[in-house]
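A.B. asks: The structure follows.
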Amino acid sequence: MTAMGSAFGHVLDAQSKQIEQNARFLDSLQDLSARKAAQIMGSRGGKRTQERKKARRSEVQACPMCENPARKDVTLEMLDFHRRHAPAAPIEYQEANGAA
Ligand SMILES: [Zn+2]
């Protein structure tokens with residue numbers, strides 16, 4: 001092989017090594033950004049779940065039906081409010097002023 005040919009071979013070699021390095025670098029970048037995105041989503045998701053839990057907790061605290069499930073003067077509004085945070089349960093209610 002002539003000197004020119006081997007020099008050309010070396011250049012090709014170096015280039016393919018360079019391309020390989022770039023590909024690996026891009027891979028690690030992608031991996032890094034995927035992990036970062038997951039971390040951000042995870043923390044955002046976690047935050048949102050916490051907020052939802054907090055909102056639900058404050059609703060339960062403010063709910064007259066949670067406070068006293070056996071109360072008689074249940075209105076539609078109360079029922080509606082209660083159903084937003086409590087699983088649907090067979091609850092009897094009477095008109096606030098129409099109690100028998
Ligand atoms: Zn309730």
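Residues are referred to by chain and number: the chain letter is A, B, ... according to the order shown in the structure tokens, the number counts from 1 in that chain, and ligands are numbered separately from 1 in the order shown.
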Hey, could you make a per-residue contact list for chain A against ligand 1 with 8 Å as the cut-off, showing the nearest pair of atoms and its distance in Å to one decimal, counting only C-alpha atoms and all ligand atoms, sorted by chain and number, as a tab-separated table?
C.D. replies:
```
residue	atom	partner	partner_atom_place_in_ligand_line	distance
A:Glu59	CA	ligand 1	1 (Zn)	7.1
A:Val60	CA	ligand 1	1 (Zn)	5.0
A:Gln61	CA	ligand 1	1 (Zn)	7.7
A:Ala62	CA	ligand 1	1 (Zn)	7.7
A:Cys63	CA	ligand 1	1 (Zn)	4.5
A:Pro64	CA	ligand 1	1 (Zn)	6.6
A:Met65	CA	ligand 1	1 (Zn)	4.9
A:Cys66	CA	ligand 1	1 (Zn)	4.0
A:Glu67	CA	ligand 1	1 (Zn)	7.3
A:Leu79	CA	ligand 1	1 (Zn)	7.9
A:Phe81	CA	ligand 1	1 (Zn)	6.8
A:His82	CA	ligand 1	1 (Zn)	3.7
A:Arg83	CA	ligand 1	1 (Zn)	6.7
A:Arg84	CA	ligand 1	1 (Zn)	7.7
A:His85	CA	ligand 1	1 (Zn)	6.2
A:Ala86	CA	ligand 1	1 (Zn)	5.7
```
A.B. asks: Output C-alpha atoms for every residue in the selection just made, as a PDB file, in the first residue's frame.
C.D. replies:
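Result file follows (out-v6.pdb):
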```
ATOM      1  CA  GLU A  59     -63.032  19.674  51.396  1.00  0.00           C
ATOM      2  CA  VAL A  60     -63.593  16.800  53.814  1.00  0.00           C
ATOM      3  CA  GLN A  61     -62.910  19.087  56.740  1.00  0.00           C
ATOM      4  CA  ALA A  62     -65.467  21.575  55.449  1.00  0.00           C
ATOM      5  CA  CYS A  63     -68.056  18.917  54.669  1.00  0.00           C
ATOM      6  CA  PRO A  64     -71.062  18.819  57.024  1.00  0.00           C
ATOM      7  CA  MET A  65     -71.824  15.264  55.961  1.00  0.00           C
ATOM      8  CA  CYS A  66     -68.315  14.026  56.744  1.00  0.00           C
ATOM      9  CA  GLU A  67     -68.594  15.837  60.032  1.00  0.00           C
ATOM     10  CA  LEU A  79     -74.911  15.879  49.046  1.00  0.00           C
ATOM     11  CA  PHE A  81     -70.402  18.703  47.863  1.00  0.00           C
ATOM     12  CA  HIS A  82     -69.935  15.443  49.732  1.00  0.00           C
ATOM     13  CA  ARG A  83     -70.001  13.345  46.608  1.00  0.00           C
ATOM     14  CA  ARG A  84     -67.052  15.260  45.199  1.00  0.00           C
ATOM     15  CA  HIS A  85     -64.670  13.792  47.726  1.00  0.00           C
ATOM     16  CA  ALA A  86     -66.438  10.754  49.113  1.00  0.00           C
TER      17      ALA A  86
END
```
A.B. asks: Per DSSP on the backbone, filter stretch 2-96 of chain A down to the residues in alpha helix (DSSP H) and report them as a VMD selection string.
C.D. replies: chain A and resid 3 to 62 64 to 67 76 to 85
